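File shown here: target-v3.pdb, holding PDB, N, CA and C atoms and all ligand atoms.
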```
MODEL        1
ATOM      1  N   MET A 693      -1.146   3.864 -13.324
ATOM      2  CA  MET A 693       0.053   4.109 -12.598
ATOM      3  C   MET A 693       0.530   2.835 -11.925
ATOM      4  N   PRO A 694       1.061   1.905 -12.652
ATOM      5  CA  PRO A 694       1.568   0.683 -12.053
ATOM      6  C   PRO A 694       2.854   0.937 -11.301
ATOM      7  N   ARG A 695       3.163   0.058 -10.340
ATOM      8  CA  ARG A 695       4.402   0.168  -9.588
ATOM      9  C   ARG A 695       4.876  -1.239  -9.242
ATOM     10  N   VAL A 696       6.187  -1.374  -9.110
ATOM     11  CA  VAL A 696       6.785  -2.651  -8.733
ATOM     12  C   VAL A 696       6.835  -2.711  -7.216
ATOM     13  N   VAL A 697       6.318  -3.803  -6.639
ATOM     14  CA  VAL A 697       6.293  -3.971  -5.189
ATOM     15  C   VAL A 697       6.867  -5.336  -4.870
ATOM     16  N   ARG A 698       7.790  -5.379  -3.914
ATOM     17  CA  ARG A 698       8.397  -6.647  -3.515
ATOM     18  C   ARG A 698       7.714  -7.162  -2.255
ATOM     19  N   PHE A 699       7.139  -8.345  -2.329
ATOM     20  CA  PHE A 699       6.501  -8.975  -1.189
ATOM     21  C   PHE A 699       7.371 -10.118  -0.698
ATOM     22  N   GLU A 700       7.545 -10.235   0.613
ATOM     23  CA  GLU A 700       8.321 -11.319   1.177
ATOM     24  C   GLU A 700       7.481 -12.226   2.065
ATOM     25  N   GLN A 701       6.281 -11.780   2.447
ATOM     26  CA  GLN A 701       5.397 -12.620   3.251
ATOM     27  C   GLN A 701       4.900 -13.777   2.404
ATOM     28  N   THR A 702       4.632 -14.900   3.042
ATOM     29  CA  THR A 702       4.143 -16.061   2.307
ATOM     30  C   THR A 702       2.775 -16.521   2.793
ATOM     31  N   GLY A 703       2.142 -15.736   3.643
ATOM     32  CA  GLY A 703       0.828 -16.112   4.131
ATOM     33  C   GLY A 703       0.027 -14.889   4.511
ATOM     34  N   PRO A 704      -1.234 -15.122   4.878
ATOM     35  CA  PRO A 704      -2.110 -14.006   5.206
ATOM     36  C   PRO A 704      -1.849 -13.463   6.604
ATOM     37  N   ILE A 705      -2.357 -12.289   6.843
ATOM     38  CA  ILE A 705      -2.357 -11.693   8.178
ATOM     39  C   ILE A 705      -3.801 -11.673   8.653
ATOM     40  N   LYS A 706      -4.051 -12.296   9.784
ATOM     41  CA  LYS A 706      -5.409 -12.388  10.315
ATOM     42  C   LYS A 706      -5.755 -11.124  11.091
ATOM     43  N   ILE A 707      -6.941 -10.612  10.848
ATOM     44  CA  ILE A 707      -7.456  -9.494  11.634
ATOM     45  C   ILE A 707      -8.553 -10.059  12.517
ATOM     46  N   ASP A 708      -8.289 -10.113  13.807
ATOM     47  CA  ASP A 708      -9.260 -10.653  14.755
ATOM     48  C   ASP A 708     -10.202  -9.523  15.164
ATOM     49  N   PRO A 709     -11.490  -9.628  14.810
ATOM     50  CA  PRO A 709     -12.427  -8.541  15.123
ATOM     51  C   PRO A 709     -12.489  -8.218  16.616
ATOM     52  N   ALA A 710     -12.202  -9.200  17.470
ATOM     53  CA  ALA A 710     -12.269  -8.971  18.913
ATOM     54  C   ALA A 710     -11.171  -8.032  19.396
ATOM     55  N   THR A 711     -10.142  -7.828  18.564
ATOM     56  CA  THR A 711      -9.030  -6.971  18.976
ATOM     57  C   THR A 711      -9.134  -5.559  18.402
ATOM     58  N   LEU A 712     -10.190  -5.286  17.639
ATOM     59  CA  LEU A 712     -10.309  -3.967  17.016
ATOM     60  C   LEU A 712     -10.651  -2.902  18.064
ATOM     61  N   PRO A 713     -10.038  -1.745  17.961
ATOM     62  CA  PRO A 713     -10.416  -0.659  18.871
ATOM     63  C   PRO A 713     -11.835  -0.194  18.559
ATOM     64  N   LEU A 714     -12.510   0.300  19.574
ATOM     65  CA  LEU A 714     -13.895   0.735  19.420
ATOM     66  C   LEU A 714     -13.965   2.254  19.357
ATOM     67  N   ASP A 715     -14.960   2.752  18.597
ATOM     68  CA  ASP A 715     -15.160   4.200  18.577
ATOM     69  C   ASP A 715     -15.999   4.602  19.788
ATOM     70  N   GLU A 716     -16.345   5.867  19.863
ATOM     71  CA  GLU A 716     -17.064   6.371  21.038
ATOM     72  C   GLU A 716     -18.455   5.767  21.193
ATOM     73  N   SER A 717     -19.013   5.208  20.107
ATOM     74  CA  SER A 717     -20.337   4.586  20.207
ATOM     75  C   SER A 717     -20.241   3.076  20.450
ATOM     76  N   GLY A 718     -19.012   2.564  20.605
ATOM     77  CA  GLY A 718     -18.847   1.146  20.902
ATOM     78  C   GLY A 718     -18.711   0.269  19.679
ATOM     79  N   ARG A 719     -18.718   0.873  18.487
ATOM     80  CA  ARG A 719     -18.547   0.078  17.262
ATOM     81  C   ARG A 719     -17.064   0.019  16.907
ATOM     82  N   PRO A 720     -16.649  -1.071  16.230
ATOM     83  CA  PRO A 720     -15.244  -1.165  15.819
ATOM     84  C   PRO A 720     -14.869  -0.016  14.882
ATOM     85  N   LYS A 721     -13.693   0.560  15.119
ATOM     86  CA  LYS A 721     -13.208   1.616  14.242
ATOM     87  C   LYS A 721     -12.823   1.012  12.892
ATOM     88  N   PRO A 722     -12.974   1.763  11.794
ATOM     89  CA  PRO A 722     -12.606   1.208  10.489
ATOM     90  C   PRO A 722     -11.110   0.938  10.409
ATOM     91  N   ILE A 723     -10.779  -0.069   9.633
ATOM     92  CA  ILE A 723      -9.390  -0.416   9.361
ATOM     93  C   ILE A 723      -9.140  -0.130   7.897
ATOM     94  N   PHE A 724      -8.052   0.537   7.592
ATOM     95  CA  PHE A 724      -7.721   0.851   6.213
ATOM     96  C   PHE A 724      -6.615  -0.080   5.746
ATOM     97  N   ILE A 725      -6.939  -0.877   4.724
ATOM     98  CA  ILE A 725      -6.007  -1.835   4.142
ATOM     99  C   ILE A 725      -5.306  -1.177   2.965
ATOM    100  N   CYS A 726      -3.985  -1.304   2.941
ATOM    101  CA  CYS A 726      -3.184  -0.690   1.886
ATOM    102  C   CYS A 726      -3.507  -1.323   0.528
ATOM    103  N   ALA A 727      -3.796  -0.488  -0.436
ATOM    104  CA  ALA A 727      -4.028  -0.954  -1.802
ATOM    105  C   ALA A 727      -2.941  -0.461  -2.754
ATOM    106  N   CYS A 728      -2.029   0.373  -2.270
ATOM    107  CA  CYS A 728      -0.960   0.871  -3.156
ATOM    108  C   CYS A 728       0.278  -0.028  -3.080
ATOM    109  N   GLY A 729       0.447  -0.766  -1.999
ATOM    110  CA  GLY A 729       1.541  -1.723  -1.882
ATOM    111  C   GLY A 729       2.820  -1.182  -1.289
ATOM    112  N   ILE A 730       2.874   0.071  -0.887
ATOM    113  CA  ILE A 730       4.139   0.614  -0.376
ATOM    114  C   ILE A 730       4.083   0.989   1.099
ATOM    115  N   SER A 731       3.041   0.589   1.793
ATOM    116  CA  SER A 731       2.941   0.890   3.220
ATOM    117  C   SER A 731       4.052   0.207   4.007
ATOM    118  N   SER A 732       4.595   0.882   4.989
ATOM    119  CA  SER A 732       5.571   0.277   5.897
ATOM    120  C   SER A 732       4.880  -0.608   6.924
ATOM    121  N   ARG A 733       3.569  -0.506   6.996
ATOM    122  CA  ARG A 733       2.786  -1.318   7.940
ATOM    123  C   ARG A 733       1.870  -2.285   7.195
ATOM    124  N   PHE A 734       2.251  -2.648   5.961
ATOM    125  CA  PHE A 734       1.415  -3.516   5.139
ATOM    126  C   PHE A 734       0.969  -4.737   5.947
ATOM    127  N   PRO A 735      -0.290  -5.122   5.923
ATOM    128  CA  PRO A 735      -1.321  -4.735   4.973
ATOM    129  C   PRO A 735      -2.107  -3.498   5.367
ATOM    130  N   PHE A 736      -1.693  -2.812   6.412
ATOM    131  CA  PHE A 736      -2.439  -1.641   6.842
ATOM    132  C   PHE A 736      -1.896  -0.386   6.178
ATOM    133  N   CYS A 737      -2.773   0.526   5.846
ATOM    134  CA  CYS A 737      -2.388   1.808   5.267
ATOM    135  C   CYS A 737      -1.681   2.646   6.329
ATOM    136  N   ASP A 738      -0.565   3.257   5.937
ATOM    137  CA  ASP A 738       0.126   4.183   6.834
ATOM    138  C   ASP A 738       0.293   5.551   6.189
ATOM    139  N   ALA A 739      -0.494   5.814   5.179
ATOM    140  CA  ALA A 739      -0.495   7.075   4.434
ATOM    141  C   ALA A 739       0.688   7.199   3.479
ATOM    142  N   SER A 740       1.464   6.133   3.298
ATOM    143  CA  SER A 740       2.556   6.180   2.318
ATOM    144  C   SER A 740       2.029   6.392   0.911
ATOM    145  N   HIS A 741       0.761   6.097   0.681
ATOM    146  CA  HIS A 741       0.177   6.264  -0.655
ATOM    147  C   HIS A 741       0.286   7.708  -1.151
ATOM    148  N   LYS A 742       0.506   8.638  -0.244
ATOM    149  CA  LYS A 742       0.666  10.035  -0.677
ATOM    150  C   LYS A 742       1.841  10.185  -1.623
ATOM    151  N   ALA A 743       2.821   9.270  -1.526
ATOM    152  CA  ALA A 743       3.979   9.319  -2.424
ATOM    153  C   ALA A 743       3.587   9.001  -3.863
ATOM    154  N   CYS A 744       2.429   8.397  -4.061
ATOM    155  CA  CYS A 744       1.987   7.976  -5.397
ATOM    156  C   CYS A 744       1.180   9.049  -6.120
ATOM    157  N   ARG A 745       0.873  10.137  -5.448
ATOM    158  CA  ARG A 745      -0.100  11.060  -6.021
ATOM    159  C   ARG A 745       0.376  11.759  -7.289
ATOM    160  N   ASP A 746       1.665  11.814  -7.538
ATOM    161  CA  ASP A 746       2.151  12.485  -8.748
ATOM    162  C   ASP A 746       2.485  11.508  -9.871
ATOM    163  N   GLU A 747       2.117  10.232  -9.708
ATOM    164  CA  GLU A 747       2.388   9.252 -10.762
ATOM    165  C   GLU A 747       1.626   9.619 -12.035
ATOM    166  N   LEU A 748       2.265   9.362 -13.152
ATOM    167  CA  LEU A 748       1.652   9.656 -14.442
ATOM    168  C   LEU A 748       1.038   8.372 -15.015
ATOM    169  N   PRO A 749      -0.068   8.487 -15.733
ATOM    170  CA  PRO A 749      -0.669   7.312 -16.360
ATOM    171  C   PRO A 749       0.294   6.676 -17.364
ATOM    172  N   GLY A 750       0.322   5.377 -17.423
ATOM    173  CA  GLY A 750       1.115   4.665 -18.419
ATOM    174  C   GLY A 750       2.588   4.559 -18.107
ATOM    175  N   VAL A 751       2.992   4.953 -16.894
ATOM    176  CA  VAL A 751       4.397   4.891 -16.493
ATOM    177  C   VAL A 751       4.525   3.894 -15.346
ATOM    178  N   LEU A 752       5.581   3.068 -15.374
ATOM    179  CA  LEU A 752       5.839   2.094 -14.315
ATOM    180  C   LEU A 752       6.822   2.698 -13.308
ATOM    181  N   TYR A 753       6.555   2.516 -12.018
ATOM    182  CA  TYR A 753       7.390   3.098 -10.956
ATOM    183  C   TYR A 753       7.899   2.013 -10.015
ATOM    184  N   ARG A 754       9.074   2.278  -9.433
ATOM    185  CA  ARG A 754       9.602   1.448  -8.352
ATOM    186  C   ARG A 754       9.849   2.378  -7.168
ATOM    187  N   TYR A 755       9.471   1.924  -5.961
ATOM    188  CA  TYR A 755       9.616   2.749  -4.755
ATOM    189  C   TYR A 755      10.681   2.178  -3.841
ATOM    190  N   ASP A 756      11.487   3.071  -3.263
ATOM    191  CA  ASP A 756      12.435   2.678  -2.230
ATOM    192  C   ASP A 756      11.630   2.455  -0.951
ATOM    193  N   PRO A 757      11.678   1.254  -0.368
ATOM    194  CA  PRO A 757      10.850   0.989   0.801
ATOM    195  C   PRO A 757      11.196   1.853   2.008
ATOM    196  N   ALA A 758      12.419   2.323   2.111
ATOM    197  CA  ALA A 758      12.812   3.122   3.276
ATOM    198  C   ALA A 758      12.426   4.584   3.118
ATOM    199  N   THR A 759      12.651   5.132   1.939
ATOM    200  CA  THR A 759      12.422   6.562   1.752
ATOM    201  C   THR A 759      11.113   6.885   1.054
ATOM    202  N   LYS A 760      10.488   5.887   0.441
ATOM    203  CA  LYS A 760       9.257   6.060  -0.347
ATOM    204  C   LYS A 760       9.498   6.943  -1.572
ATOM    205  N   SER A 761      10.753   7.123  -1.942
ATOM    206  CA  SER A 761      11.024   7.885  -3.156
ATOM    207  C   SER A 761      10.796   6.983  -4.365
ATOM    208  N   ALA A 762      10.293   7.576  -5.427
ATOM    209  CA  ALA A 762       9.924   6.827  -6.621
ATOM    210  C   ALA A 762      10.967   6.964  -7.706
ATOM    211  N   GLU A 763      11.153   5.872  -8.434
ATOM    212  CA  GLU A 763      12.007   5.876  -9.615
ATOM    213  C   GLU A 763      11.123   5.479 -10.791
ATOM    214  N   SER A 764      11.119   6.279 -11.818
ATOM    215  CA  SER A 764      10.361   5.936 -13.020
ATOM    216  C   SER A 764      11.130   4.890 -13.808
ATOM    217  N   LEU A 765      10.464   3.801 -14.164
ATOM    218  CA  LEU A 765      11.090   2.741 -14.942
ATOM    219  C   LEU A 765      10.721   2.847 -16.421
ATOM    220  N   GLY A 766      10.019   3.907 -16.795
ATOM    221  CA  GLY A 766       9.654   4.106 -18.183
ATOM    222  C   GLY A 766       8.230   3.683 -18.465
ATOM    223  N   PRO A 767       7.883   3.606 -19.729
ATOM    224  CA  PRO A 767       6.501   3.261 -20.090
ATOM    225  C   PRO A 767       6.121   1.878 -19.585
ATOM    226  N   ASP A 768       4.883   1.777 -19.103
ATOM    227  CA  ASP A 768       4.391   0.483 -18.648
ATOM    228  C   ASP A 768       3.990  -0.343 -19.858
ATOM    229  N   THR A 769       4.549  -1.532 -19.959
ATOM    230  CA  THR A 769       4.190  -2.433 -21.047
ATOM    231  C   THR A 769       3.702  -3.728 -20.427
ATOM    232  N   PRO A 770       2.384  -3.836 -20.194
ATOM    233  CA  PRO A 770       1.843  -5.038 -19.568
ATOM    234  C   PRO A 770       2.159  -6.272 -20.403
ATOM    235  N   PRO A 771       2.343  -7.427 -19.741
ATOM    236  CA  PRO A 771       2.614  -8.655 -20.488
ATOM    237  C   PRO A 771       1.454  -8.982 -21.431
ATOM    238  N   ALA A 772       1.769  -9.540 -22.571
ATOM    239  CA  ALA A 772       0.724  -9.861 -23.563
ATOM    240  C   ALA A 772      -0.067 -11.075 -23.143
TER     241      ALA A 772
HETATM  242  S1  LIG B 801      -3.056   2.774   0.432
HETATM  243 FE1  LIG B 801      -1.019   2.102   0.640
HETATM  244  S2  LIG B 801      -0.248   3.295   2.276
HETATM  245 FE2  LIG B 801      -2.275   3.941   2.063
ENDMDL
END
```
Give the structure from the file, written as structure tokens.
Ligand code: FES
Amino acid sequence: MPRVVRFEQTGPIKIDPATLPLDESGRPKPIFICACGISSRFPFCDASHKACRDELPGVLYRYDPATKSAESLGPDTPPA
């Protein structure tokens, strides 16, 4: 289920461990990094990945960044 994602950042985002919130036992809470590419809080997951759950194998999709609605672009044809 490939999708087209537009990135405009040109550098990394640093996660400073000293700023992580702690759980009730004093350990840092887990951080979820977006792997689908459509999070509004990229690089952090904001649950936008739920919009991808109905993607079909072998089809390329483009997502509207504001609405998270998907447009099918047809069969995925990876570059040779
Ligand atoms: S994995 Fe991308 S929003 Fe959750």
May I have the residues within 12 Å of Thr759 (chain A) as a count of residues only, using only C-alpha atoms and disregarding those fewer than 2 positions away in the same chain? 12
Test item: residues no farther than 8 Å from ligand LIG 801 (chain B), counting all atoms listed in the file, as a PyMOL selection string: chain A and resi 724-743
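Distances to Pro749 (chain A) were evaluated for A:Met693, A:Ala710, A:Ala772, A:Ile723 using all atoms listed in the file, and the minimum falls at A:Met693.
In the backbone-derived DSSP annotation, strand (DSSP E) within region 704-772 of chain A comprises A:Val751, A:Leu752, A:Tyr753, A:Arg754, A:Tyr755, A:Ala762, A:Glu763, A:Ser764, A:Leu765, A:Gly766, A:Pro767.
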Report as lines of an AutoDock Vina configuration file the centre and the edge lengths, in Å to one decimal, of the axis-aligned box holding every listed atom of region 725-731 of chain A, padded by 5 Å on each side.
```
center_x = -1.4
center_y = -0.4
center_z = 0.8
size_x = 21.1
size_y = 12.8
size_z = 17.9
```
If you measure from CA of Glu700 (chain A) to CA of Ser764 (chain A), what distance in Å do you get, rounded to one decimal? 22.4 Å
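Computed from the coordinates, the CA of Thr702 (chain A) to atom C of Tyr753 (chain A) distance equals 22.2 Å.
Atom pair CA of Asp746 (chain A) / CA of Leu765 (chain A): separated by 14.6 Å.
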Helix (DSSP H, G or I) per DSSP on the backbone: members of chain A, as an MDAnalysis selection string: chainID A and resid 709:711 740:744
